[in-house]
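Colleague: Sharing entry_4.txt here; it has compact mmCIF, C-alpha atoms and all ligand atoms.
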```txt
# COMPACT_ATOMS: atom_id res chain seq x y z
CA MET A 866 160.10 133.19 276.98
CA ASN A 867 161.15 135.73 274.39
CA LEU A 868 159.35 138.94 273.69
CA PRO A 869 157.96 138.08 270.23
CA GLY A 870 156.48 134.96 271.79
CA THR A 871 154.67 137.01 274.37
CA LEU A 872 153.32 139.33 271.73
CA GLN A 873 152.01 136.43 269.65
CA THR A 874 150.35 134.92 272.70
CA LEU A 875 148.31 138.04 273.19
CA LEU A 876 147.32 138.22 269.56
CA LEU A 877 146.31 134.59 269.36
CA ALA A 878 144.44 134.83 272.63
CA CYS A 879 142.53 137.71 271.17
CA CYS A 880 141.63 135.97 267.97
CA LEU A 881 140.36 132.97 269.86
CA MET A 882 138.16 134.97 272.21
CA CYS A 883 135.66 135.30 269.50
CA GLY A 884 134.15 131.91 269.23
CA PRO A 885 134.26 128.28 268.29
CA ALA A 886 134.64 126.40 265.10
CA GLN A 887 132.89 123.16 264.49
CA ALA A 888 132.21 121.67 261.16
CA PHE A 889 130.30 118.68 259.88
CA GLU A 890 129.36 115.92 262.24
CA LEU A 891 129.19 112.26 261.33
CA SER A 892 126.61 110.51 263.45
CA PHE A 893 127.50 107.02 264.47
CA PRO A 894 126.74 104.39 263.35
CA ALA A 895 126.70 104.81 259.62
CA PRO A 896 126.75 104.53 256.66
CA LEU A 897 123.55 103.46 254.99
CA ARG A 898 123.31 99.73 254.52
CA ASN A 899 124.46 99.05 250.94
CA ASN A 900 124.79 102.83 250.53
CA SER A 901 121.22 102.92 249.35
CA HIS A 902 117.77 103.85 250.61
CA THR A 903 114.30 103.73 249.10
CA TYR A 904 111.73 105.89 250.85
CA TYR A 905 108.00 105.28 250.77
CA ALA A 906 106.92 108.89 250.56
CA HIS A 907 103.33 109.91 251.21
CA LEU A 908 103.45 113.68 250.81
CA PRO A 909 100.16 115.06 249.48
CA GLY A 910 100.17 118.70 248.50
CA THR A 911 102.04 121.18 246.39
CA GLN A 912 105.01 123.51 246.76
CA PRO A 913 104.65 127.19 245.80
CA ASP A 914 106.48 126.47 242.52
CA GLY A 915 103.74 124.04 241.48
CA LEU A 916 105.81 120.92 242.05
CA SER A 917 104.16 118.30 244.24
CA PHE A 918 105.82 117.63 247.57
CA PHE A 919 106.64 114.14 246.32
CA GLU A 920 108.43 115.59 243.29
CA GLY A 921 110.13 118.06 245.62
CA PHE A 922 111.30 115.16 247.77
CA ILE A 923 112.77 113.40 244.72
CA ARG A 924 114.58 116.64 243.82
CA SER A 925 115.96 116.77 247.36
CA LEU A 926 117.30 113.21 247.09
CA THR A 927 118.94 114.21 243.84
CA VAL A 928 120.85 117.04 245.51
CA TRP A 929 122.77 114.45 247.57
CA MET A 930 123.13 111.92 244.77
CA ASP A 931 124.49 114.54 242.37
CA ALA A 932 127.21 115.23 244.91
CA SER A 933 128.17 111.60 245.45
CA GLY A 934 128.15 108.88 242.85
CA ASN A 935 128.29 106.27 245.62
CA ILE A 936 124.81 106.59 247.12
CA ARG A 937 121.54 105.48 245.59
CA LEU A 938 118.38 107.14 246.89
CA SER A 939 114.90 106.72 245.50
CA ALA A 940 111.29 107.25 246.52
CA ILE A 941 108.02 105.45 245.88
CA ASP A 942 104.78 107.41 246.12
CA GLU A 943 103.00 105.16 248.61
CA GLU A 944 101.74 105.47 252.19
CA ARG A 945 103.61 103.03 254.43
CA GLU A 946 103.83 105.05 257.66
CA VAL A 947 102.15 102.88 260.31
CA CYS A 948 102.11 102.60 264.08
CA SER A 949 103.12 99.32 265.65
CA ASP A 950 101.05 97.71 268.39
CA ALA A 951 103.71 98.88 270.83
CA GLY A 952 103.11 102.45 269.68
CA GLN A 953 106.63 102.81 268.39
CA GLY A 954 105.69 104.32 265.12
CA SER A 955 107.12 102.85 262.00
CA THR A 956 110.73 103.32 263.01
CA GLN A 957 111.21 99.61 263.52
CA ASN A 958 109.48 98.00 260.60
CA GLY A 959 112.39 98.12 258.17
CA VAL A 960 110.56 100.52 255.85
CA ASN A 961 111.92 103.99 255.11
CA THR A 962 109.21 106.60 254.97
CA ALA A 963 108.66 110.30 254.40
CA SER A 964 105.37 111.79 255.52
CA PHE A 965 103.52 114.70 257.06
CA ALA A 966 102.32 114.12 260.61
CA ASP A 967 101.39 116.09 263.69
CA SER A 968 102.23 113.27 266.10
CA PHE A 969 104.16 110.05 266.37
CA CYS A 970 101.40 107.54 266.87
CA GLY A 971 99.55 109.89 269.19
CA ASP A 972 102.63 111.41 270.84
CA ASP A 973 102.49 115.01 269.68
CA SER A 974 105.32 116.27 271.90
CA TYR A 975 107.71 116.38 268.93
CA PHE A 976 105.48 118.68 266.94
CA SER A 977 104.02 121.08 269.44
CA GLY A 978 106.96 123.50 269.30
CA SER A 979 108.96 124.97 266.49
CA THR A 980 110.11 121.64 265.07
CA ILE A 981 109.88 121.74 261.29
CA ALA A 982 110.69 118.10 260.70
CA GLU A 983 112.32 115.07 262.33
CA ALA A 984 114.47 112.30 260.95
CA LEU A 985 114.45 109.05 262.91
CA THR A 986 116.92 106.32 262.19
CA GLN A 987 117.17 102.71 263.21
CA THR A 988 120.72 101.45 263.34
CA SER A 989 122.72 98.30 263.84
CA TRP A 990 126.08 98.16 265.59
CA ASN A 991 127.74 95.18 264.03
CA PRO A 992 128.08 95.84 261.24
CA SER A 993 127.59 99.52 261.93
CA ALA A 994 124.88 100.73 259.57
CA ILE A 995 121.72 102.74 259.25
CA LEU A 996 118.98 100.19 258.67
CA GLU A 997 115.94 102.40 258.48
CA SER A 998 115.09 106.09 258.27
CA ASP A 999 111.80 107.85 258.70
CA ILE A 1000 111.40 111.51 257.88
CA VAL A 1001 108.38 113.23 259.37
CA PHE A 1002 107.52 116.75 258.29
CA ASN A 1003 105.50 118.67 260.87
CA GLY A 1004 101.95 118.59 259.55
CA ASN A 1005 101.10 121.66 261.62
CA ARG A 1006 103.48 123.61 259.41
CA LYS A 1007 102.18 122.44 256.09
CA GLN A 1008 100.91 125.89 255.23
CA GLN A 1009 104.45 127.20 255.46
CA PHE A 1010 105.69 124.43 253.20
CA GLU A 1011 102.98 125.44 250.74
CA SER A 1012 103.71 129.16 251.01
CA PHE A 1013 107.43 129.77 251.21
CA ASP A 1014 109.62 129.28 248.16
CA HIS A 1015 112.25 126.55 248.56
CA HIS A 1016 111.23 125.90 252.16
CA PHE A 1017 110.16 122.27 251.75
CA HIS A 1018 113.10 121.55 249.44
CA HIS A 1019 115.52 122.98 251.98
CA VAL A 1020 114.04 121.09 254.93
CA ALA A 1021 113.91 117.86 252.91
CA VAL A 1022 117.58 118.09 251.86
CA HIS A 1023 118.50 118.71 255.51
CA GLU A 1024 116.47 115.77 256.85
CA ILE A 1025 117.77 113.46 254.13
CA GLY A 1026 121.25 114.49 255.30
CA HIS A 1027 120.35 113.16 258.76
CA THR A 1028 119.19 109.88 257.27
CA LEU A 1029 122.58 109.58 255.56
CA GLY A 1030 124.18 109.73 259.00
CA PHE A 1031 125.11 113.40 259.22
CA GLY A 1032 124.55 115.46 262.36
CA HIS A 1033 124.36 119.21 262.59
CA SER A 1034 127.13 121.52 261.46
CA ALA A 1035 128.05 124.97 262.71
CA VAL A 1036 129.22 126.04 259.28
CA ARG A 1037 126.61 128.60 258.25
CA ALA A 1038 126.81 127.62 254.60
CA SER A 1039 126.08 123.98 255.43
CA ILE A 1040 122.70 122.48 254.66
CA MET A 1041 123.11 120.77 258.05
CA VAL A 1042 122.91 123.93 260.19
CA PRO A 1043 120.42 123.22 262.97
CA ARG A 1044 118.13 126.13 262.17
CA LEU A 1045 116.92 126.82 258.69
CA SER A 1046 115.54 130.16 257.72
CA GLN A 1047 112.46 130.26 255.52
CA GLY A 1048 112.28 131.25 251.91
CA ARG A 1049 115.93 130.94 251.05
CA ARG A 1050 117.17 130.16 247.61
CA ASP A 1051 117.51 126.67 246.24
CA PRO A 1052 119.59 124.56 248.59
CA VAL A 1053 123.15 123.95 247.52
CA LEU A 1054 125.58 121.70 249.34
CA SER A 1055 128.52 123.53 250.89
CA ILE A 1056 132.13 122.41 251.04
CA ASP A 1057 131.37 121.23 254.57
CA ASP A 1058 128.55 118.98 253.34
CA LEU A 1059 130.72 117.66 250.52
CA CYS A 1060 133.41 116.76 253.07
CA ALA A 1061 130.88 114.87 255.18
CA LEU A 1062 129.85 112.95 252.05
CA ALA A 1063 133.48 112.30 251.13
CA MET A 1064 134.28 110.97 254.58
CA ARG A 1065 131.28 108.69 254.78
CA TYR A 1066 130.60 107.59 251.25
CA GLY A 1067 133.54 108.56 249.10
CA SER A 1068 137.22 109.09 249.45
CA PRO A 1069 138.64 111.60 251.95
CA GLU A 1070 140.64 113.16 249.10
CA ASP A 1071 137.33 114.37 247.64
CA CYS A 1072 137.09 116.81 250.56
CA PRO A 1073 138.59 120.11 249.36
CA ILE A 1074 139.75 121.08 252.84
CA LEU A 1075 141.33 117.78 253.89
CA LEU A 1076 144.38 118.56 256.03
CA GLY A 1077 146.79 116.18 254.34
CA GLU A 1078 147.29 112.66 255.52
CA GLY A 1079 146.24 111.39 258.94
CA LEU A 1080 149.39 110.39 260.81
CA SER A 1081 150.30 109.05 264.24
CA THR A 1082 153.36 109.82 266.31
CA ASN A 1083 153.81 106.08 266.94
CA GLY A 1084 154.29 105.60 263.21
CA LEU A 1085 151.45 103.09 262.88
CA PRO A 1086 149.02 103.56 259.99
CA THR A 1087 145.74 105.21 260.88
CA ASP A 1088 142.50 106.03 259.10
CA ALA A 1089 141.99 109.16 261.21
CA GLU A 1090 141.21 112.19 259.04
CA PHE A 1091 141.55 115.89 259.72
CA VAL A 1092 139.53 118.52 257.94
CA GLY A 1093 139.47 122.26 258.31
CA GLY A 1094 139.85 125.68 256.85
CA ALA A 1095 139.51 129.40 257.30
CA THR A 1096 136.66 131.33 255.73
CA ASP A 1097 135.28 134.85 255.69
CA ASP A 1098 131.96 133.99 254.02
CA SER A 1099 130.40 131.51 256.45
CA GLY A 1100 131.96 128.51 254.76
CA TRP A 1101 130.94 129.01 251.13
CA THR A 1102 134.61 129.30 250.29
CA PHE A 1103 137.75 128.54 252.24
CA ARG A 1104 141.09 130.22 251.63
CA GLU A 1105 144.38 131.15 253.23
CA ARG A 1106 144.96 134.81 252.47
CA PHE A 1107 142.96 137.50 254.19
CA GLU A 1108 142.79 141.24 254.46
CA PRO A 1109 143.25 142.71 257.93
CA SER A 1110 139.63 143.83 257.86
CA ASP A 1111 138.25 140.35 257.02
CA ARG A 1112 136.17 138.60 259.61
CA ILE A 1113 137.66 135.12 259.70
CA THR A 1114 136.17 131.89 261.01
CA ILE A 1115 138.24 128.74 261.35
CA TYR A 1116 136.40 125.42 261.24
CA GLY A 1117 137.90 122.03 261.94
CA THR A 1118 136.74 118.45 262.26
CA VAL A 1119 138.60 115.43 263.53
CA VAL A 1120 137.40 112.09 262.22
CA LYS A 1121 138.75 109.55 264.67
CA ASP A 1122 140.36 106.31 263.59
CA ARG A 1123 137.67 103.62 263.32
CA THR A 1124 139.26 101.63 266.14
CA HIS A 1125 139.08 104.67 268.44
CA ALA A 1126 135.32 105.19 268.37
CA PHE A 1127 133.87 105.48 271.89
CA ARG A 1128 137.27 105.77 273.53
CA ARG A 1129 137.97 108.70 275.77
CA GLY A 1130 140.40 111.24 274.51
CA ASP A 1131 141.41 114.84 274.02
CA LEU A 1132 141.51 117.27 271.16
CA HIS A 1133 144.63 119.28 270.50
CA VAL A 1134 145.24 122.40 268.43
CA VAL A 1135 148.77 123.63 267.93
CA ALA A 1136 149.50 126.97 266.30
CA SER A 1137 152.86 127.81 264.82
CA THR A 1138 154.27 131.10 263.62
CA GLU A 1139 156.47 131.28 260.54
CA ASP A 1140 159.44 131.36 262.89
CA GLY A 1141 158.35 128.07 264.44
CA VAL A 1142 157.18 129.52 267.73
CA LEU A 1143 154.56 127.06 268.98
CA PHE A 1144 151.35 127.64 270.90
CA ALA A 1145 148.75 125.18 272.10
CA ARG A 1146 145.10 125.85 272.62
CA HIS A 1147 144.11 125.20 276.21
CA ALA A 1148 140.71 124.22 277.53
CA ASP A 1149 140.17 127.88 278.49
CA GLY A 1150 139.89 128.64 274.77
CA ASN A 1151 143.13 130.61 274.58
CA PHE A 1152 146.48 129.80 273.08
CA HIS A 1153 149.51 129.65 275.36
CA PRO A 1154 153.15 128.94 274.52
CA LEU A 1155 153.78 125.24 274.00
CA GLU A 1156 156.74 124.37 276.17
CA ASP A 1157 156.95 120.64 275.43
CA PRO A 1158 155.74 119.46 271.99
CA GLU A 1159 155.63 115.89 273.30
CA ASN A 1160 153.15 116.87 275.96
CA ILE A 1161 150.42 118.95 274.34
CA PRO A 1162 147.67 120.30 276.59
CA SER A 1163 144.08 119.35 275.92
CA ALA A 1164 142.01 121.79 273.88
CA GLY A 1165 138.89 119.95 275.02
CA GLU A 1166 137.49 116.48 275.57
CA LEU A 1167 136.61 114.19 272.70
CA ASP A 1168 132.94 113.34 272.49
CA VAL A 1169 133.14 109.63 273.29
CA ASP A 1170 129.60 108.43 273.24
CA LEU A 1171 127.85 109.53 270.14
CA TYR A 1172 130.25 110.27 267.39
CA ALA A 1173 133.06 108.52 265.64
CA GLN A 1174 134.18 111.99 264.80
CA ASP A 1175 134.75 115.01 266.96
CA LEU A 1176 134.79 118.73 266.64
CA VAL A 1177 137.73 120.94 267.23
CA ILE A 1178 136.51 123.94 269.10
CA MET A 1179 138.64 126.97 268.64
CA GLY A 1180 136.94 129.18 271.14
CA THR A 1181 133.94 129.19 273.43
CA ARG A 1182 130.64 127.70 272.38
CA HIS A 1183 127.85 130.13 271.71
CA PRO A 1184 124.73 128.83 270.02
CA ASP A 1185 123.55 132.10 268.52
CA ARG A 1186 126.80 133.52 267.32
CA GLU A 1187 128.83 132.49 264.36
CA PRO A 1188 132.21 131.19 265.44
CA SER A 1189 134.82 133.66 264.40
CA VAL A 1190 138.34 134.76 264.92
CA GLY A 1191 137.08 138.19 263.88
CA PRO A 1192 138.13 140.66 266.54
CA LEU A 1193 141.64 140.45 265.22
CA ILE A 1194 140.66 143.77 263.77
CA GLY A 1195 142.76 146.36 265.51
CA THR A 1196 145.48 143.91 266.39
CA VAL A 1197 145.68 142.07 263.09
CA TYR A 1198 147.86 144.79 261.62
CA GLN A 1199 150.67 143.36 263.67
CA LEU A 1200 150.20 140.08 261.80
CA VAL A 1201 150.40 141.67 258.33
CA GLY A 1202 153.03 139.82 256.35
CA GLN A 1203 152.70 136.80 258.65
CA THR A 1204 151.22 133.33 258.35
CA ILE A 1205 149.87 131.33 261.28
CA TYR A 1206 149.61 127.56 260.94
CA PHE A 1207 147.00 125.61 262.91
CA TYR A 1208 147.49 121.84 263.29
CA LEU A 1209 144.70 119.55 264.51
CA ALA A 1210 145.34 116.44 266.58
CA TYR A 1211 143.82 114.11 269.14
CA SER A 1212 145.05 111.64 271.70
CA LEU A 1213 143.47 108.82 273.70
CA LYS A 1214 143.29 108.94 277.50
CA ASP A 1215 144.76 105.46 277.83
CA ARG A 1216 147.63 106.22 275.48
CA PRO A 1217 149.07 109.52 276.72
CA GLY A 1218 151.79 111.14 274.65
CA GLU A 1219 150.62 109.40 271.46
CA TYR A 1220 149.08 111.83 268.96
CA TYR A 1221 147.04 111.44 265.81
CA TYR A 1222 147.27 114.51 263.58
CA GLY A 1223 146.76 115.96 260.14
CA SER A 1224 149.98 116.37 258.20
CA GLU A 1225 148.88 119.72 256.76
CA PRO A 1226 147.91 122.79 258.79
CA ILE A 1227 145.12 125.30 258.32
CA ARG A 1228 146.98 128.36 257.07
CA VAL A 1229 145.87 131.91 257.76
CA SER A 1230 147.96 134.71 256.33
CA TRP A 1231 147.74 138.47 256.02
CA PRO A 1232 150.02 139.35 253.11
CA SER A 1233 151.64 142.75 253.14
CA GLY A 1234 151.17 145.04 250.17
ZN ZN A 1301 118.51 118.72 261.81
```
Render the structure in this file as structure tokens.

Modeller:
Amino acid sequence: MNLPGTLQTLLLACCLMCGPAQAFELSFPAPLRNNSHTYYAHLPGTQPDGLSFFEGFIRSLTVWMDASGNIRLSAIDEEREVCSDAGQGSTQNGVNTASFADSFCGDDSYFSGSTIAEALTQTSWNPSAILESDIVFNGNRKQQFESFDHHFHHVAVHEIGHTLGFGHSAVRASIMVPRLSQGRRDPVLSIDDLCALAMRYGSPEDCPILLGEGLSTNGLPTDAEFVGGATDDSGWTFRERFEPSDRITIYGTVVKDRTHAFRRGDLHVVASTEDGVLFARHADGNFHPLEDPENIPSAGELDVDLYAQDLVIMGTRHPDREPSVGPLIGTVYQLVGQTIYFYLAYSLKDRPGEYYYGSEPIRVSWPSG
């Protein structure tokens, strides 16, 4: 191992100490059947801006439709939320609903805590589709919906995102972050949300941070997609060039090939210097020199059960802290004038040595001067 390699190892290890990166999450199965949903929305009451909750719900549907010409969402002002004889709520009656409630057919366990709202979906596996969605806003919190500007709108856009098949995102700018703060400004979809939409309902090329073409080392065509980028503003914008003082977060998402859903596998992250010195992220969260590019260590296990897509974690998980490669500060000066390239890949357990990867890297550079 040469000396510059050792130096880079330390620097990369440092930048990866500071946390994970995980972007949008596509819940499986999806998409919406026929890419369309009509909700029977019974939402009496009024937002602080004077708009009825029903009108606010329509506005929230529009936020998603404005961002994708391929989905059709509408709402009818009618109460259709009913409990079945089996006490299963209305999640299995083929009717999409949006309502206020403080229990699911008598089961109030969902709404006793801090839950603001829930989205329940009924899905089919073959073909894979979301058949029904029910959004329930916590009736115990109605006063907050009536009092805080933009609160209902924000929560509604988030829950509608779930009914479109999107899970939570760690990108702070995303509407799909698991915890919403109250009284924020009008919800706007982030680049992360737009990429989720592009992957599920549009064309991957519509995602501004698509990492080139999905390729496989066996040369066979694949519909795997790789998405990611570096940001210093929580994911509102992504870019390549940073100041040494910038606090950088790198997010990445691997969308597995359709034929690989539910198969066990590993994530891989390879970093390259401008000189072509290679490092691989190990499961310990740090980057180590990559000795054999045909045998890349695992950066973590693929999530096999729930998602057709998986997250590339570039550090340790911490629920309360924004993932960041921030503490480069102090050591980053040694990277001034340099670019580091991060490539995302995955492999399947039963096909070792065969990699699926994005043709373009996430670039992070600290220009000199
Ligand atoms: Zn949620």

Colleague: Within 7 Å of Asp1122 of chain A, counting only C-alpha atoms, which residues qualify if same-chain residues fewer than 5 places away don't, as a PDB file with C-alpha atoms, in the frame of the given file?

Modeller:
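This went into result-v8.pdb:
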```pdb
ATOM      1  CA  THR A1087     145.740 105.210 260.880  1.00  0.00           C
ATOM      2  CA  ASP A1088     142.500 106.030 259.100  1.00  0.00           C
ATOM      3  CA  ALA A1089     141.990 109.160 261.210  1.00  0.00           C
TER       4      ALA A1089
END
```

Colleague: Return the single residue from A:Gly1026, A:Gly1004, A:Gly921, A:Pro1043 that is closest to ligand ZN 1301 (chain A), with distances computed using only C-alpha atoms and all ligand atoms.

Modeller: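 Under the stated criterion, the closest residue is A:Pro1043.
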
Colleague: Please provide as number ranges by chain all residues within 9 Å of His902 of chain A, with the sequence filter that same-chain residues fewer than 6 positions apart are discarded (counting all atoms listed in the file).

Modeller: A: 936-940, 961, 996-998, 1029

Colleague: Show which residues sit within 6 Å of Gly1100 of chain A, as a VMD selection string. Count only C-alpha atoms, and ignore same-chain residues fewer than 2 positions away.

Modeller: chain A and resid 1036 1038 1096 1098 1102

Colleague: Please, could you write that set of residues out with C-alpha atoms as a PDB file, in the frame of the given file?

Modeller:
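In the end it all went to part_31.pdb:
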```pdb
ATOM      1  CA  VAL A1036     129.220 126.040 259.280  1.00  0.00           C
ATOM      2  CA  ALA A1038     126.810 127.620 254.600  1.00  0.00           C
ATOM      3  CA  THR A1096     136.660 131.330 255.730  1.00  0.00           C
ATOM      4  CA  ASP A1098     131.960 133.990 254.020  1.00  0.00           C
ATOM      5  CA  THR A1102     134.610 129.300 250.290  1.00  0.00           C
TER       6      THR A1102
END
```

Colleague: List the neighbours of segment 1224-1233 of chain A out to 9 Å using all atoms listed in the file; skip same-chain residues closer than 4 positions along the sequence, and give me the result as a PDB file with C-alpha atoms, in the frame of the given file.

Modeller:
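The resulting file, out_3.pdb, is shown below:
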```pdb
ATOM      1  CA  ILE A1074     139.750 121.080 252.840  1.00  0.00           C
ATOM      2  CA  LEU A1075     141.330 117.780 253.890  1.00  0.00           C
ATOM      3  CA  LEU A1076     144.380 118.560 256.030  1.00  0.00           C
ATOM      4  CA  GLY A1077     146.790 116.180 254.340  1.00  0.00           C
ATOM      5  CA  GLU A1078     147.290 112.660 255.520  1.00  0.00           C
ATOM      6  CA  GLY A1079     146.240 111.390 258.940  1.00  0.00           C
ATOM      7  CA  LEU A1080     149.390 110.390 260.810  1.00  0.00           C
ATOM      8  CA  PHE A1091     141.550 115.890 259.720  1.00  0.00           C
ATOM      9  CA  VAL A1092     139.530 118.520 257.940  1.00  0.00           C
ATOM     10  CA  GLY A1093     139.470 122.260 258.310  1.00  0.00           C
ATOM     11  CA  GLY A1094     139.850 125.680 256.850  1.00  0.00           C
ATOM     12  CA  ALA A1095     139.510 129.400 257.300  1.00  0.00           C
ATOM     13  CA  ARG A1104     141.090 130.220 251.630  1.00  0.00           C
ATOM     14  CA  GLU A1105     144.380 131.150 253.230  1.00  0.00           C
ATOM     15  CA  ARG A1106     144.960 134.810 252.470  1.00  0.00           C
ATOM     16  CA  PHE A1107     142.960 137.500 254.190  1.00  0.00           C
ATOM     17  CA  GLU A1108     142.790 141.240 254.460  1.00  0.00           C
ATOM     18  CA  PRO A1109     143.250 142.710 257.930  1.00  0.00           C
ATOM     19  CA  ILE A1115     138.240 128.740 261.350  1.00  0.00           C
ATOM     20  CA  GLY A1117     137.900 122.030 261.940  1.00  0.00           C
ATOM     21  CA  ALA A1136     149.500 126.970 266.300  1.00  0.00           C
ATOM     22  CA  VAL A1197     145.680 142.070 263.090  1.00  0.00           C
ATOM     23  CA  TYR A1198     147.860 144.790 261.620  1.00  0.00           C
ATOM     24  CA  LEU A1200     150.200 140.080 261.800  1.00  0.00           C
ATOM     25  CA  VAL A1201     150.400 141.670 258.330  1.00  0.00           C
ATOM     26  CA  GLY A1202     153.030 139.820 256.350  1.00  0.00           C
ATOM     27  CA  GLN A1203     152.700 136.800 258.650  1.00  0.00           C
ATOM     28  CA  THR A1204     151.220 133.330 258.350  1.00  0.00           C
ATOM     29  CA  ILE A1205     149.870 131.330 261.280  1.00  0.00           C
ATOM     30  CA  TYR A1206     149.610 127.560 260.940  1.00  0.00           C
ATOM     31  CA  PHE A1207     147.000 125.610 262.910  1.00  0.00           C
ATOM     32  CA  TYR A1208     147.490 121.840 263.290  1.00  0.00           C
ATOM     33  CA  LEU A1209     144.700 119.550 264.510  1.00  0.00           C
TER      34      LEU A1209
END
```

Colleague: For Asn935 of chain A, which of A:Met1064, A:Val1119, A:Cys970, A:Val1042 is the closest residue, counting all atoms listed in the file?

Modeller: A:Met1064

Colleague: From the options A:Thr911, A:Asn899, A:Ser1034, A:Asn991, which residue's atoms come nearest to ligand ZN 1301 (chain A), counting only C-alpha atoms and all ligand atoms?

Modeller: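 So, comparing all the options, the nearest one is A:Ser1034.
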
Colleague: Can you tell me how far atom CA of Ser977 of chain A sits from atom CA of Arg924 of chain A, in Å to one decimal?

Modeller: 28.1 Å

Colleague: Which residue out of A:Met930, A:Leu1045, A:Ala1061, A:Ile941 has the minimum interatomic distance to ligand ZN 1301 (chain A) when all atoms listed in the file are used?

Modeller: A:Leu1045

Colleague: Let me have all residues with an atom within 12 Å of ligand ZN 1301 (chain A), counting only C-alpha atoms and all ligand atoms, laid out as a CSV table (one decimal) with C-alpha atoms, keeping the file's coordinate frame.

Modeller:
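As written to disk, out.csv reads:
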```
chain,number,residue,atom,x,y,z
A,889,PHE,CA,130.3,118.7,259.9
A,890,GLU,CA,129.4,115.9,262.2
A,892,SER,CA,126.6,110.5,263.4
A,980,THR,CA,110.1,121.6,265.1
A,981,ILE,CA,109.9,121.7,261.3
A,982,ALA,CA,110.7,118.1,260.7
A,983,GLU,CA,112.3,115.1,262.3
A,984,ALA,CA,114.5,112.3,261.0
A,985,LEU,CA,114.4,109.0,262.9
A,1000,ILE,CA,111.4,111.5,257.9
A,1001,VAL,CA,108.4,113.2,259.4
A,1002,PHE,CA,107.5,116.8,258.3
A,1019,HIS,CA,115.5,123.0,252.0
A,1020,VAL,CA,114.0,121.1,254.9
A,1021,ALA,CA,113.9,117.9,252.9
A,1022,VAL,CA,117.6,118.1,251.9
A,1023,HIS,CA,118.5,118.7,255.5
A,1024,GLU,CA,116.5,115.8,256.8
A,1025,ILE,CA,117.8,113.5,254.1
A,1026,GLY,CA,121.2,114.5,255.3
A,1027,HIS,CA,120.4,113.2,258.8
A,1028,THR,CA,119.2,109.9,257.3
A,1029,LEU,CA,122.6,109.6,255.6
A,1030,GLY,CA,124.2,109.7,259.0
A,1031,PHE,CA,125.1,113.4,259.2
A,1032,GLY,CA,124.6,115.5,262.4
A,1033,HIS,CA,124.4,119.2,262.6
A,1034,SER,CA,127.1,121.5,261.5
A,1035,ALA,CA,128.0,125.0,262.7
A,1039,SER,CA,126.1,124.0,255.4
A,1040,ILE,CA,122.7,122.5,254.7
A,1041,MET,CA,123.1,120.8,258.0
A,1042,VAL,CA,122.9,123.9,260.2
A,1043,PRO,CA,120.4,123.2,263.0
A,1044,ARG,CA,118.1,126.1,262.2
A,1045,LEU,CA,116.9,126.8,258.7
```

Colleague: Please measure the separation of atom CA of His1016 of chain A and atom CA of Cys1060 of chain A, giving the value in Å to one decimal.

Modeller: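 If I compute the distance from atom CA of His1016 of chain A to atom CA of Cys1060 of chain A, I get 24.0 Å.
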
Colleague: Would you mind listing what lies within 10 Å of Tyr1211 of chain A as a ChimeraX atom specification, with only C-alpha atoms counted and same-chain residues fewer than 3 positions away left out?

Modeller: /A:1081,1089,1091,1119-1121,1130-1134,1161,1163-1167,1175,1177,1214,1219-1223

Colleague: One decimal, in Å: what's the spacing between atom CA of Arg945 of chain A and atom CA of Thr962 of chain A?

Modeller: 6.7 Å

Colleague: From the set A:Pro1162, A:Ile1113, A:Trp1101, A:Pro1217, which residue has the shortest atom-to-atom contact distance to Val1053 of chain A, counting all atoms listed in the file?

Modeller: A:Trp1101

Colleague: Could you please give me, as a list of chain:residue names, the residues of protein, DNA or RNA lying at most 7 Å from (103.5, 112.6, 262.4) in the coordinate frame of the file, considering all atoms listed in the file?

Modeller: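 I get A:Phe965, A:Ala966, A:Asp967, A:Ser968, A:Phe969, A:Val1001, A:Asn1003, A:Gly1004 for the residues within 7 Å of that point.
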